[in-house]
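S.K.: File name start.tsv; file contents TSV, C-alpha atoms; full text below.
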```tsv
chain	number	residue	atom	x	y	z
A	1	GLY	CA	164.35	-59.86	-125.62
A	2	ALA	CA	163.23	-59.46	-122.04
A	3	ASN	CA	165.87	-60.23	-119.44
A	4	SER	CA	163.89	-59.06	-116.43
A	5	SER	CA	160.35	-58.14	-115.38
A	6	VAL	CA	161.11	-54.42	-115.79
A	7	PRO	CA	160.45	-53.06	-119.30
A	8	PRO	CA	162.69	-50.36	-120.85
A	9	ILE	CA	160.01	-47.64	-120.41
A	10	PHE	CA	160.61	-47.58	-116.63
A	11	TRP	CA	163.44	-45.72	-114.92
A	12	GLN	CA	164.20	-48.91	-112.96
A	13	PHE	CA	165.09	-50.75	-116.17
A	14	ASP	CA	168.61	-52.14	-116.07
A	15	PRO	CA	170.02	-52.81	-119.56
A	16	ASP	CA	172.69	-55.03	-117.99
A	17	ALA	CA	170.15	-57.33	-116.27
A	18	GLY	CA	170.64	-60.80	-117.65
A	19	SER	CA	173.45	-59.67	-119.95
A	20	ASP	CA	175.50	-62.70	-118.91
A	21	LEU	CA	172.78	-65.07	-120.15
A	22	GLY	CA	174.29	-66.17	-123.43
A	23	TYR	CA	173.32	-69.23	-125.46
A	24	ASP	CA	176.14	-71.74	-125.15
A	25	PRO	CA	174.98	-75.25	-126.17
A	26	GLU	CA	178.32	-76.86	-125.36
A	27	ALA	CA	178.33	-75.43	-121.83
A	28	ALA	CA	174.71	-76.54	-121.43
A	29	LYS	CA	175.58	-80.08	-122.54
A	30	ALA	CA	178.47	-80.15	-120.06
A	31	LEU	CA	176.19	-79.01	-117.21
A	32	LEU	CA	173.57	-81.59	-118.17
A	33	ALA	CA	176.22	-84.34	-118.23
A	34	GLU	CA	177.54	-83.18	-114.86
A	35	ALA	CA	174.00	-83.50	-113.50
A	36	GLY	CA	173.72	-87.04	-114.89
A	37	TRP	CA	171.79	-86.31	-118.10
A	38	GLN	CA	173.38	-88.04	-121.10
A	39	ASP	CA	172.18	-89.44	-124.41
A	40	ARG	CA	172.44	-93.04	-123.31
A	41	ASP	CA	170.64	-94.64	-126.26
A	42	GLY	CA	171.85	-92.46	-129.17
A	43	ASP	CA	168.44	-91.00	-130.04
A	44	GLY	CA	169.53	-87.36	-129.56
A	45	VAL	CA	167.63	-86.96	-126.28
A	46	VAL	CA	169.41	-86.96	-122.92
A	47	GLU	CA	168.25	-89.41	-120.25
A	48	ASN	CA	168.93	-89.67	-116.54
A	49	ALA	CA	170.58	-92.70	-114.94
A	50	GLU	CA	167.20	-94.49	-114.79
A	51	GLY	CA	166.71	-93.96	-118.53
A	52	ARG	CA	163.99	-91.31	-118.26
A	53	PRO	CA	164.28	-88.85	-121.16
A	54	PHE	CA	164.49	-85.13	-120.40
A	55	ARG	CA	161.20	-83.93	-121.83
A	56	PHE	CA	158.56	-81.48	-120.70
A	57	THR	CA	155.49	-79.66	-122.01
A	58	ILE	CA	155.34	-75.95	-122.85
A	59	LEU	CA	151.81	-74.65	-122.38
A	60	THR	CA	150.59	-71.59	-124.27
A	61	ARG	CA	147.36	-70.19	-125.65
A	62	GLN	CA	145.82	-70.32	-129.08
A	63	GLY	CA	146.10	-67.27	-131.28
A	64	ASP	CA	149.18	-65.77	-129.62
A	65	GLN	CA	151.75	-65.74	-132.41
A	66	THR	CA	154.44	-64.06	-130.30
A	67	ARG	CA	154.29	-66.82	-127.68
A	68	MET	CA	154.18	-69.48	-130.42
A	69	ASP	CA	157.34	-67.98	-131.94
A	70	ILE	CA	159.04	-67.98	-128.52
A	71	ARG	CA	157.91	-71.56	-127.95
A	72	ASP	CA	159.38	-72.62	-131.31
A	73	LYS	CA	162.72	-70.94	-130.52
A	74	VAL	CA	162.88	-72.51	-127.05
A	75	GLN	CA	161.99	-75.89	-128.52
A	76	LEU	CA	164.74	-75.59	-131.16
A	77	ASP	CA	167.42	-74.34	-128.73
A	78	LEU	CA	166.68	-77.02	-126.13
A	79	GLY	CA	166.55	-79.70	-128.81
A	80	ARG	CA	170.14	-78.83	-129.71
A	81	VAL	CA	171.23	-79.95	-126.24
A	82	GLY	CA	169.05	-83.05	-126.12
A	83	ILE	CA	165.97	-81.76	-124.29
A	84	VAL	CA	162.50	-82.28	-125.76
A	85	ALA	CA	160.06	-79.41	-125.22
A	86	GLU	CA	156.61	-80.56	-126.35
A	87	PRO	CA	154.11	-77.80	-127.18
A	88	ARG	CA	150.56	-77.83	-125.85
A	89	VAL	CA	148.28	-75.11	-127.18
A	90	VAL	CA	145.01	-74.48	-125.35
A	91	GLU	CA	142.20	-71.91	-125.33
A	92	TRP	CA	142.92	-68.79	-123.22
A	93	GLY	CA	140.33	-69.55	-120.52
A	94	VAL	CA	141.60	-73.12	-120.14
A	95	LEU	CA	145.17	-71.85	-119.79
A	96	LEU	CA	144.19	-69.31	-117.13
A	97	ASP	CA	142.25	-71.95	-115.18
A	98	GLN	CA	145.18	-74.33	-115.31
A	99	ILE	CA	147.85	-71.87	-114.17
A	100	ASN	CA	145.89	-69.64	-111.75
A	101	ASP	CA	143.91	-72.27	-109.82
A	102	THR	CA	146.38	-73.42	-107.18
A	103	GLU	CA	144.46	-76.68	-106.70
A	104	ARG	CA	144.63	-77.54	-110.43
A	105	ARG	CA	148.06	-76.11	-111.17
A	106	ASP	CA	149.70	-78.87	-113.16
A	107	PHE	CA	152.10	-77.81	-115.89
A	108	ASP	CA	155.80	-78.00	-116.67
A	109	ALA	CA	156.31	-74.63	-118.37
A	110	VAL	CA	154.02	-71.87	-119.57
A	111	LEU	CA	154.45	-68.96	-121.98
A	112	VAL	CA	152.29	-65.94	-121.21
A	113	GLY	CA	152.69	-62.18	-121.36
A	114	TRP	CA	152.81	-60.02	-118.27
A	115	VAL	CA	151.74	-56.38	-118.30
A	116	THR	CA	153.59	-54.18	-115.82
A	117	GLU	CA	151.42	-51.65	-114.04
A	118	PHE	CA	152.38	-48.05	-113.28
A	119	ARG	CA	154.22	-49.16	-110.14
A	120	ILE	CA	156.54	-52.13	-110.47
A	121	ASP	CA	155.88	-54.72	-107.78
A	122	ASP	CA	156.78	-58.35	-108.45
A	123	THR	CA	155.61	-59.52	-105.02
A	124	ASP	CA	152.72	-61.53	-106.46
A	125	LEU	CA	155.11	-63.29	-108.86
A	126	PHE	CA	158.04	-64.15	-106.61
A	127	HIS	CA	157.38	-63.70	-102.86
A	128	CYS	CA	157.43	-66.87	-100.72
A	129	GLU	CA	154.13	-65.94	-99.06
A	130	LYS	CA	152.44	-65.84	-102.48
A	131	ARG	CA	153.35	-69.41	-103.54
A	132	ASP	CA	149.79	-70.65	-103.08
A	133	GLU	CA	148.18	-67.67	-104.78
A	134	PRO	CA	147.17	-67.30	-108.43
A	135	PHE	CA	150.11	-65.40	-109.96
A	136	GLN	CA	153.01	-67.18	-108.27
A	137	TRP	CA	153.07	-69.70	-111.12
A	138	VAL	CA	156.68	-70.83	-110.64
A	139	GLY	CA	156.57	-71.71	-106.94
A	140	TYR	CA	159.65	-69.56	-106.30
A	141	CYS	CA	160.83	-68.84	-102.77
A	142	ASP	CA	163.98	-67.06	-101.65
A	143	PRO	CA	164.09	-65.11	-98.35
A	144	GLU	CA	166.62	-62.63	-99.78
A	145	VAL	CA	164.33	-61.86	-102.72
A	146	ASP	CA	161.45	-61.45	-100.24
A	147	ARG	CA	163.52	-58.93	-98.29
A	148	MET	CA	164.25	-56.93	-101.45
A	149	LEU	CA	160.61	-57.02	-102.58
A	150	GLU	CA	159.50	-55.77	-99.16
A	151	THR	CA	162.14	-53.02	-99.05
A	152	LEU	CA	161.78	-51.58	-102.56
A	153	PRO	CA	158.51	-49.69	-101.96
A	154	THR	CA	160.11	-47.80	-99.05
A	155	ILE	CA	163.15	-46.54	-100.98
A	156	MET	CA	162.63	-42.96	-102.13
A	157	ASP	CA	165.95	-42.48	-103.88
A	158	ARG	CA	166.25	-43.93	-107.40
A	159	ASP	CA	169.92	-44.82	-107.03
A	160	GLY	CA	169.19	-46.49	-103.70
A	161	SER	CA	166.76	-48.88	-105.36
A	162	ARG	CA	169.35	-50.30	-107.70
A	163	PRO	CA	171.32	-53.37	-106.66
A	164	PRO	CA	175.00	-52.78	-105.88
A	165	ARG	CA	177.31	-53.44	-108.81
A	166	SER	CA	180.03	-56.01	-108.32
A	167	VAL	CA	183.44	-54.82	-109.37
```
Any chance you could put this one into structure tokens?

M.R.:
Amino acid sequence: GANSSVPPIFWQFDPDAGSDLGYDPEAAKALLAEAGWQDRDGDGVVENAEGRPFRFTILTRQGDQTRMDIRDKVQLDLGRVGIVAEPRVVEWGVLLDQINDTERRDFDAVLVGWVTEFRIDDTDLFHCEKRDEPFQWVGYCDPEVDRMLETLPTIMDRDGSRPPRSV
């Protein structure tokens, strides 16, 4: 599985990236409960204090079996902790229009593939200044991540480009 946006064929790949991301349904249930999400009516789905069930739509494209398999696994794993992930399968052009057009961007979650070019640069995906541009689908913004994205292209030393390891 992919735990970062850097595939194993690149020297920047870090096999430890995301290694602490285990699947722990009991811990997830505890975190949901701490945040106020509990199965208040016994139907197996957690609700907030107002009674709204935790459900969202996963958007993906027709004919992409890999993404459909991922969607099914996500749906199953989230269902085990009381979250409903509802699939919505659309034609490729419709999906691209919906996620890339910043005026029409209206989705909860999307499963797509991302091809890394020769030079790894995730600026379009994660930089604050790119939030209203086509590939910044998640609306992510963190000034520290911006700083790292801006600094990486200027580092000439491979070891210098790696984040410091905590001991």

S.K.: Using only C-alpha atoms, pick whichever of A:Met148, A:Ile70, A:Leu76, A:Leu21 has the shortest atom-to-atom distance to Gly113 of chain A.

M.R.: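 Closest to Gly113 of chain A of all the choices is A:Ile70.
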
S.K.: Which residues of segment 9-60 of chain A have any atom within 10 Å of an atom in segment 95-107 of chain A when counting all atoms listed in the file, and what is the closest pair of atoms for each, with the distance in Å to one decimal? Order the rows by chain and rising number and write it as CSV.

M.R.:
```
residue,atom,partner,partner_atom,distance
A:Phe56,CA,A:Phe107,CA,8.9
A:Thr57,CA,A:Phe107,CA,7.2
A:Ile58,CA,A:Phe107,CA,7.9
A:Leu59,CA,A:Phe107,CA,7.2
A:Thr60,CA,A:Leu95,CA,7.0
```

S.K.: May I ask for the distance between atom CA of Tyr23 of chain A and atom CA of Arg131 of chain A, given in Å to one decimal place?

M.R.: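 Separating atom CA of Tyr23 of chain A from atom CA of Arg131 of chain A is a distance of 29.7 Å.
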
S.K.: Between atom CA of Asp43 of chain A and atom CA of Gly79 of chain A, what is the spacing in Å?

M.R.: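 So the two atoms, atom CA of Gly79 of chain A and atom CA of Asp43 of chain A, lie 11.5 Å apart.
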
S.K.: Which value, in Å to one decimal, gives the distance between atom CA of Glu86 of chain A and atom CA of Arg71 of chain A?

M.R.: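 Between these atoms lies a distance of 9.2 Å.
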
S.K.: Taking all atoms listed in the file into account, which of A:Pro87, A:Val112, A:Asp41, A:Ala30 comes nearest Thr66 of chain A?

M.R.: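 Distance minimum relative to Thr66 of chain A lands on A:Val112.
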
S.K.: Step by step: start from the point (162.5, -65.5, -98.4) in the file's coordinates, keep every protein, DNA or RNA residue that has an atom no farther than 12 Å from it, count only C-alpha atoms, and write the set as a PyMOL selection string.

M.R.: chain A and resi 123+126-131+140-150

S.K.: With 8 Å added on each side, what axis-aligned box encloses every listed atom of segment 82-98 of chain A? Give the centre and edge lengths in Å to one decimal, as lines of an AutoDock Vina configuration file.

M.R.:
```
center_x = 154.7
center_y = -75.9
center_z = -121.2
size_x = 44.7
size_y = 30.3
size_z = 28.0
```

S.K.: Just the residues within 12 Å of Val45 of chain A, please, counting all atoms listed in the file, with nothing from its chain fewer than 2 positions along; format it as a list in words.

M.R.: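 Near neighbours after the sequence-gap exclusion: Lys29, Leu32, Trp37, Gln38, Asp39, Arg40, Asp41, Gly42, Asp43, Glu47, Asn48, Gly51, Arg52, Pro53, Phe54, Arg55, Phe56, Leu78, Gly79, Arg80, Val81, Gly82, Ile83, Val84 and Ala85 of chain A.
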
S.K.: Just checking: using only C-alpha atoms, which residue out of A:Pro8, A:Phe135, A:Val74, A:Val110 ends up closest to Asp122 of chain A?

M.R.: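 Counting only C-alpha atoms, the residue closest to Asp122 of chain A is A:Phe135.
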
S.K.: Can you work out which one of A:Trp11, A:Val6, A:Glu34, A:Gly18 has the shortest atom-to-atom distance to Asp159 of chain A, counting all atoms listed in the file?

M.R.: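 Between A:Trp11, A:Val6, A:Glu34, A:Gly18, the residue approaching Asp159 of chain A most closely is A:Trp11.
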
S.K.: Counting only C-alpha atoms, which residue out of A:Asp108, A:Asp121, A:Thr151, A:Val46 sits closest to Val138 of chain A?

M.R.: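 Of the candidates, the smallest distance to Val138 of chain A is held by A:Asp108.
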